[in-house]
>>> print(open('run_13.txt').read())   # compact mmCIF, N, CA, C and O atoms
# COMPACT_ATOMS: atom_id res chain seq x y z
N ALA A 1 0.84 -1.19 0.00
CA ALA A 1 0.00 0.00 0.00
C ALA A 1 0.88 1.24 0.00
O ALA A 1 1.97 1.24 0.54
N VAL A 2 0.37 2.27 -0.59
CA VAL A 2 1.09 3.53 -0.65
C VAL A 2 0.83 4.29 0.64
O VAL A 2 -0.31 4.43 1.06
N VAL A 3 1.87 4.75 1.29
CA VAL A 3 1.71 5.57 2.49
C VAL A 3 2.31 6.94 2.18
O VAL A 3 3.46 7.05 1.79
N VAL A 4 1.49 7.94 2.33
CA VAL A 4 1.90 9.30 2.02
C VAL A 4 2.19 10.02 3.34
O VAL A 4 1.51 9.79 4.33
N ALA A 5 3.20 10.87 3.35
CA ALA A 5 3.54 11.62 4.56
C ALA A 5 2.30 12.31 5.10
O ALA A 5 1.51 12.87 4.35
N GLY A 6 2.14 12.26 6.40
CA GLY A 6 0.98 12.88 7.03
C GLY A 6 -0.19 11.94 7.18
O GLY A 6 -1.20 12.30 7.75
N GLU A 7 -0.08 10.75 6.66
CA GLU A 7 -1.14 9.77 6.79
C GLU A 7 -0.73 8.76 7.85
O GLU A 7 0.11 7.91 7.61
N ALA A 8 -1.32 8.87 9.00
CA ALA A 8 -0.98 7.96 10.08
C ALA A 8 -2.04 6.88 10.20
O ALA A 8 -3.23 7.17 10.14
N PRO A 9 -1.61 5.63 10.37
CA PRO A 9 -2.59 4.57 10.56
C PRO A 9 -3.31 4.75 11.90
O PRO A 9 -2.81 5.42 12.81
N LEU A 10 -4.48 4.18 12.00
CA LEU A 10 -5.23 4.22 13.26
C LEU A 10 -4.48 3.43 14.32
O LEU A 10 -3.79 2.47 14.01
N VAL A 11 -4.61 3.83 15.56
CA VAL A 11 -3.92 3.17 16.67
C VAL A 11 -4.41 1.74 16.85
O VAL A 11 -3.63 0.82 17.07
N ASP A 12 -5.74 1.55 16.72
CA ASP A 12 -6.33 0.22 16.87
C ASP A 12 -6.06 -0.60 15.61
O ASP A 12 -6.53 -0.25 14.53
N PRO A 13 -5.27 -1.70 15.71
CA PRO A 13 -4.93 -2.47 14.51
C PRO A 13 -6.14 -3.06 13.79
O PRO A 13 -6.14 -3.15 12.57
N GLN A 14 -7.18 -3.43 14.53
CA GLN A 14 -8.39 -3.96 13.88
C GLN A 14 -9.11 -2.88 13.10
O GLN A 14 -9.58 -3.11 11.99
N ALA A 15 -9.18 -1.68 13.67
CA ALA A 15 -9.82 -0.56 12.98
C ALA A 15 -9.02 -0.18 11.73
O ALA A 15 -9.58 0.08 10.67
N GLU A 16 -7.69 -0.18 11.83
CA GLU A 16 -6.85 0.14 10.68
C GLU A 16 -7.02 -0.91 9.59
O GLU A 16 -7.10 -0.58 8.41
N ALA A 17 -7.11 -2.18 9.96
CA ALA A 17 -7.31 -3.25 8.97
C ALA A 17 -8.64 -3.05 8.25
O ALA A 17 -8.73 -3.23 7.03
N ARG A 18 -9.67 -2.66 9.00
CA ARG A 18 -10.98 -2.41 8.40
C ARG A 18 -10.92 -1.20 7.47
O ARG A 18 -11.46 -1.23 6.36
N ALA A 19 -10.20 -0.16 7.90
CA ALA A 19 -10.04 1.03 7.05
C ALA A 19 -9.30 0.66 5.76
O ALA A 19 -9.68 1.10 4.68
N GLN A 20 -8.26 -0.16 5.87
CA GLN A 20 -7.50 -0.59 4.69
C GLN A 20 -8.39 -1.37 3.72
O GLN A 20 -8.30 -1.19 2.50
N THR A 21 -9.25 -2.23 4.25
CA THR A 21 -10.17 -2.98 3.40
C THR A 21 -11.09 -2.03 2.65
O THR A 21 -11.28 -2.16 1.43
N LEU A 22 -11.63 -1.06 3.35
CA LEU A 22 -12.51 -0.07 2.70
C LEU A 22 -11.76 0.73 1.65
O LEU A 22 -12.30 1.03 0.58
N MET A 23 -10.51 1.06 1.93
CA MET A 23 -9.71 1.83 0.97
C MET A 23 -9.50 1.05 -0.33
O MET A 23 -9.32 1.65 -1.39
N ARG A 24 -9.51 -0.27 -0.24
CA ARG A 24 -9.36 -1.09 -1.45
C ARG A 24 -10.68 -1.24 -2.19
O ARG A 24 -10.70 -1.66 -3.34
N GLU A 25 -11.81 -0.90 -1.53
CA GLU A 25 -13.14 -1.06 -2.13
C GLU A 25 -13.69 0.24 -2.70
O GLU A 25 -14.68 0.23 -3.41
N ILE A 26 -13.07 1.36 -2.35
CA ILE A 26 -13.57 2.66 -2.79
C ILE A 26 -12.63 3.23 -3.84
O ILE A 26 -11.42 3.31 -3.64
N ARG A 27 -13.22 3.61 -4.96
CA ARG A 27 -12.47 4.07 -6.13
C ARG A 27 -12.07 5.53 -5.98
O ARG A 27 -12.86 6.36 -5.52
N CYS A 28 -10.86 5.84 -6.38
CA CYS A 28 -10.43 7.23 -6.46
C CYS A 28 -11.25 7.89 -7.56
O CYS A 28 -11.37 7.35 -8.66
N VAL A 29 -11.82 9.05 -7.29
CA VAL A 29 -12.72 9.68 -8.26
C VAL A 29 -11.98 10.39 -9.40
O VAL A 29 -12.61 10.80 -10.36
N VAL A 30 -10.66 10.52 -9.30
CA VAL A 30 -9.91 11.13 -10.40
C VAL A 30 -9.03 10.12 -11.15
O VAL A 30 -8.53 10.42 -12.22
N CYS A 31 -8.85 8.95 -10.58
CA CYS A 31 -8.04 7.91 -11.23
C CYS A 31 -8.98 6.89 -11.88
O CYS A 31 -10.04 6.62 -11.36
N GLU A 32 -8.56 6.35 -12.99
CA GLU A 32 -9.42 5.38 -13.66
C GLU A 32 -9.25 4.00 -13.05
O GLU A 32 -8.17 3.41 -13.12
N ASN A 33 -10.32 3.51 -12.45
CA ASN A 33 -10.36 2.16 -11.88
C ASN A 33 -9.24 1.87 -10.90
O ASN A 33 -8.69 0.78 -10.87
N GLU A 34 -8.89 2.85 -10.10
CA GLU A 34 -7.86 2.66 -9.09
C GLU A 34 -8.45 2.91 -7.71
O GLU A 34 -9.11 3.92 -7.50
N PRO A 35 -8.27 1.97 -6.78
CA PRO A 35 -8.79 2.21 -5.43
C PRO A 35 -8.01 3.32 -4.74
O PRO A 35 -6.85 3.57 -5.06
N VAL A 36 -8.65 3.97 -3.76
CA VAL A 36 -7.96 5.06 -3.05
C VAL A 36 -6.73 4.55 -2.32
O VAL A 36 -5.80 5.31 -2.06
N SER A 37 -6.68 3.25 -2.03
CA SER A 37 -5.51 2.69 -1.34
C SER A 37 -4.24 2.80 -2.19
O SER A 37 -3.14 2.83 -1.65
N HIS A 38 -4.37 2.87 -3.51
CA HIS A 38 -3.21 2.90 -4.40
C HIS A 38 -2.95 4.26 -5.03
O HIS A 38 -1.95 4.45 -5.70
N SER A 39 -3.85 5.21 -4.83
CA SER A 39 -3.75 6.49 -5.51
C SER A 39 -2.96 7.50 -4.69
O SER A 39 -3.06 7.54 -3.47
N THR A 40 -2.19 8.33 -5.39
CA THR A 40 -1.46 9.42 -4.72
C THR A 40 -2.13 10.76 -4.98
O THR A 40 -1.60 11.80 -4.59
N ALA A 41 -3.29 10.76 -5.65
CA ALA A 41 -4.02 12.00 -5.92
C ALA A 41 -4.45 12.64 -4.60
O ALA A 41 -4.76 11.95 -3.62
N ASP A 42 -4.47 13.96 -4.58
CA ASP A 42 -4.86 14.68 -3.36
C ASP A 42 -6.22 14.23 -2.85
O ASP A 42 -6.42 14.05 -1.65
N ILE A 43 -7.19 14.05 -3.76
CA ILE A 43 -8.52 13.66 -3.31
C ILE A 43 -8.49 12.26 -2.69
O ILE A 43 -9.21 12.00 -1.73
N ALA A 44 -7.65 11.38 -3.20
CA ALA A 44 -7.56 10.03 -2.62
C ALA A 44 -6.98 10.11 -1.20
O ALA A 44 -7.42 9.36 -0.31
N ILE A 45 -6.04 10.99 -0.99
CA ILE A 45 -5.47 11.18 0.35
C ILE A 45 -6.57 11.66 1.29
O ILE A 45 -6.72 11.15 2.40
N ASP A 46 -7.38 12.62 0.82
CA ASP A 46 -8.50 13.11 1.63
C ASP A 46 -9.51 12.00 1.89
O ASP A 46 -10.05 11.90 3.00
N MET A 47 -9.77 11.18 0.88
CA MET A 47 -10.74 10.09 1.03
C MET A 47 -10.22 9.06 2.04
O MET A 47 -10.99 8.56 2.86
N ARG A 48 -8.93 8.75 2.00
CA ARG A 48 -8.37 7.81 2.99
C ARG A 48 -8.49 8.38 4.40
O ARG A 48 -8.84 7.66 5.34
N ARG A 49 -8.23 9.66 4.53
CA ARG A 49 -8.35 10.32 5.84
C ARG A 49 -9.80 10.23 6.33
O ARG A 49 -10.05 9.91 7.50
N THR A 50 -10.75 10.49 5.44
CA THR A 50 -12.17 10.42 5.79
C THR A 50 -12.56 9.00 6.20
O THR A 50 -13.29 8.81 7.18
N ILE A 51 -12.07 8.01 5.46
CA ILE A 51 -12.36 6.62 5.81
C ILE A 51 -11.86 6.32 7.22
O ILE A 51 -12.58 5.76 8.04
N ARG A 52 -10.62 6.70 7.50
CA ARG A 52 -10.06 6.45 8.85
C ARG A 52 -10.87 7.18 9.92
O ARG A 52 -11.15 6.62 10.98
N GLU A 53 -11.25 8.42 9.64
CA GLU A 53 -12.03 9.19 10.63
C GLU A 53 -13.37 8.51 10.90
O GLU A 53 -13.81 8.42 12.05
N GLN A 54 -14.02 8.03 9.86
CA GLN A 54 -15.32 7.40 10.03
C GLN A 54 -15.19 6.07 10.78
O GLN A 54 -16.01 5.77 11.64
N VAL A 55 -14.18 5.27 10.42
CA VAL A 55 -13.96 4.00 11.12
C VAL A 55 -13.69 4.27 12.60
O VAL A 55 -14.26 3.63 13.48
N GLU A 56 -12.85 5.25 12.86
CA GLU A 56 -12.51 5.59 14.24
C GLU A 56 -13.74 6.07 15.01
O GLU A 56 -13.87 5.83 16.20
N ALA A 57 -14.66 6.73 14.32
CA ALA A 57 -15.87 7.25 14.95
C ALA A 57 -16.93 6.16 15.14
O ALA A 57 -17.99 6.42 15.70
N GLY A 58 -16.65 4.95 14.64
CA GLY A 58 -17.57 3.84 14.86
C GLY A 58 -18.51 3.53 13.71
O GLY A 58 -19.43 2.73 13.86
N ALA A 59 -18.31 4.17 12.55
CA ALA A 59 -19.17 3.88 11.39
C ALA A 59 -18.95 2.45 10.92
O ALA A 59 -17.83 1.94 10.97
N THR A 60 -20.02 1.81 10.48
CA THR A 60 -19.89 0.46 9.92
C THR A 60 -19.33 0.57 8.50
O THR A 60 -19.34 1.65 7.90
N ASN A 61 -18.86 -0.56 7.96
CA ASN A 61 -18.36 -0.56 6.58
C ASN A 61 -19.44 -0.07 5.63
O ASN A 61 -19.18 0.71 4.71
N ALA A 62 -20.68 -0.54 5.84
CA ALA A 62 -21.80 -0.13 4.98
C ALA A 62 -22.04 1.37 5.06
O ALA A 62 -22.31 2.02 4.05
N GLU A 63 -21.92 1.93 6.26
CA GLU A 63 -22.11 3.38 6.43
C GLU A 63 -21.02 4.17 5.71
O GLU A 63 -21.30 5.21 5.10
N VAL A 64 -19.79 3.69 5.76
CA VAL A 64 -18.69 4.37 5.08
C VAL A 64 -18.92 4.31 3.57
O VAL A 64 -18.80 5.33 2.86
N ARG A 65 -19.28 3.12 3.06
CA ARG A 65 -19.55 2.99 1.61
C ARG A 65 -20.69 3.92 1.20
O ARG A 65 -20.62 4.58 0.16
N GLN A 66 -21.76 3.96 2.01
CA GLN A 66 -22.91 4.81 1.71
C GLN A 66 -22.52 6.28 1.67
O GLN A 66 -22.96 7.03 0.81
N TYR A 67 -21.67 6.69 2.60
CA TYR A 67 -21.19 8.08 2.66
C TYR A 67 -20.57 8.48 1.31
O TYR A 67 -20.88 9.53 0.75
N PHE A 68 -19.68 7.63 0.80
CA PHE A 68 -19.01 7.94 -0.46
C PHE A 68 -19.95 7.82 -1.65
O PHE A 68 -19.89 8.62 -2.58
N ALA A 69 -20.84 6.84 -1.63
CA ALA A 69 -21.80 6.67 -2.73
C ALA A 69 -22.74 7.87 -2.83
O ALA A 69 -23.08 8.31 -3.93
N GLU A 70 -23.14 8.42 -1.67
CA GLU A 70 -24.02 9.59 -1.68
C GLU A 70 -23.32 10.81 -2.25
O GLU A 70 -23.94 11.65 -2.88
N ARG A 71 -22.02 10.93 -2.02
CA ARG A 71 -21.28 12.09 -2.50
C ARG A 71 -20.81 11.95 -3.95
O ARG A 71 -20.77 12.94 -4.68
N TYR A 72 -20.42 10.76 -4.34
CA TYR A 72 -19.80 10.58 -5.66
C TYR A 72 -20.57 9.65 -6.60
O TYR A 72 -20.16 9.47 -7.73
N GLY A 73 -21.64 9.04 -6.12
CA GLY A 73 -22.40 8.09 -6.93
C GLY A 73 -21.90 6.67 -6.75
O GLY A 73 -20.80 6.46 -6.22
N GLN A 74 -22.69 5.70 -7.19
CA GLN A 74 -22.33 4.29 -7.03
C GLN A 74 -21.01 3.94 -7.71
O GLN A 74 -20.35 2.99 -7.34
N PHE A 75 -20.62 4.73 -8.71
CA PHE A 75 -19.36 4.50 -9.43
C PHE A 75 -18.17 4.41 -8.48
O PHE A 75 -17.21 3.70 -8.74
N VAL A 76 -18.23 5.17 -7.38
CA VAL A 76 -17.10 5.23 -6.45
C VAL A 76 -16.84 3.88 -5.79
O VAL A 76 -15.74 3.61 -5.33
N LEU A 77 -17.86 3.02 -5.76
CA LEU A 77 -17.71 1.71 -5.13
C LEU A 77 -17.17 0.72 -6.16
O LEU A 77 -17.80 0.50 -7.19
N LEU A 78 -16.03 0.12 -5.87
CA LEU A 78 -15.47 -0.86 -6.80
C LEU A 78 -16.35 -2.10 -6.88
O LEU A 78 -16.36 -2.80 -7.88
N ARG A 79 -17.11 -2.37 -5.80
CA ARG A 79 -18.08 -3.46 -5.80
C ARG A 79 -19.45 -2.87 -5.50
O ARG A 79 -19.86 -2.82 -4.35
N PRO A 80 -20.16 -2.39 -6.55
CA PRO A 80 -21.47 -1.79 -6.29
C PRO A 80 -22.43 -2.82 -5.72
O PRO A 80 -22.25 -4.02 -5.93
N PRO A 81 -23.46 -2.37 -4.99
CA PRO A 81 -24.41 -3.32 -4.41
C PRO A 81 -25.11 -4.11 -5.51
O PRO A 81 -25.36 -3.59 -6.59
N ALA A 82 -25.44 -5.35 -5.23
CA ALA A 82 -26.07 -6.23 -6.22
C ALA A 82 -27.58 -6.02 -6.24
O ALA A 82 -28.36 -6.94 -6.11
N THR A 83 -27.97 -4.77 -6.38
CA THR A 83 -29.39 -4.43 -6.50
C THR A 83 -29.53 -3.37 -7.57
O THR A 83 -28.58 -2.64 -7.86
N GLY A 84 -30.69 -3.26 -8.15
CA GLY A 84 -30.94 -2.22 -9.15
C GLY A 84 -29.91 -2.22 -10.25
O GLY A 84 -29.58 -3.26 -10.84
N ALA A 85 -29.37 -1.03 -10.56
CA ALA A 85 -28.40 -0.90 -11.63
C ALA A 85 -27.13 -1.69 -11.34
O ALA A 85 -26.48 -2.19 -12.26
N GLY A 86 -26.76 -1.81 -10.06
CA GLY A 86 -25.58 -2.58 -9.71
C GLY A 86 -25.71 -4.03 -10.12
O GLY A 86 -24.74 -4.67 -10.52
N LEU A 87 -26.92 -4.56 -10.07
CA LEU A 87 -27.17 -5.93 -10.46
C LEU A 87 -26.93 -6.11 -11.96
O LEU A 87 -26.40 -7.13 -12.40
N LEU A 88 -27.29 -5.12 -12.73
CA LEU A 88 -27.09 -5.19 -14.19
C LEU A 88 -25.62 -5.20 -14.55
O LEU A 88 -25.21 -5.87 -15.49
N ILE A 89 -24.80 -4.47 -13.78
CA ILE A 89 -23.36 -4.42 -14.06
C ILE A 89 -22.73 -5.80 -13.83
O ILE A 89 -21.89 -6.23 -14.59
N TRP A 90 -23.17 -6.46 -12.78
CA TRP A 90 -22.58 -7.75 -12.45
C TRP A 90 -23.33 -8.85 -13.12
O TRP A 90 -23.00 -9.92 -13.27
>>> encode(input="run_13.txt", output="structure tokens")
Amino acid sequence: AVVVAGEAPLVDPQAEARAQTLMREIRCVVCENEPVSHSTADIAIDMRRTIREQVEAGATNAEVRQYFAERYGQFVLLRPPATGAGLLIW
């Protein structure tokens, strides 16, 4: 994984592992088909920070995914939900 200066992992190793999983499932909105875990774009850095903040605040994985989907559309999810239009993609 790419670690950028100023990005500190969460203190709780389980929470950090969950954040890392989410970072691999959420697409960078400026990179083509690249998860935020691999992107060095400024927005991806912000998105990783937001993911960590939400995990630390107790948000579930589904809540974190929903947060990004509401802001950027279902496209942001590398694995869209298997309902509606997401079902057609898969």
>>> residues_around(input="run_13.txt", residues="range 48-51 of chain A", least_positions_apart="6", cutoff="8 Å", atoms="only N, CA, C and O atoms", output="PyMOL selection string")
chain A and resi 6-8+15+18-20+22-23+36-37+41-42+57-60+64
>>> select_by_dssp(input="run_13.txt", residues="chain A", states="strand (DSSP E or B)", output="PyMOL selection string")
chain A and resi 26-27+35+77
>>> closest_residue(input="run_13.txt", among="A:Arg79, A:Gln66, A:Cys28, A:Pro9", to="Asp46 in chain A", atoms="only C-alpha atoms")
A:Cys28
>>> closest_residue(input="run_13.txt", among="A:Leu10, A:Ile45, A:Val29, A:Val55", to="Phe75 in chain A", atoms="only N, CA, C and O atoms")
A:Val29
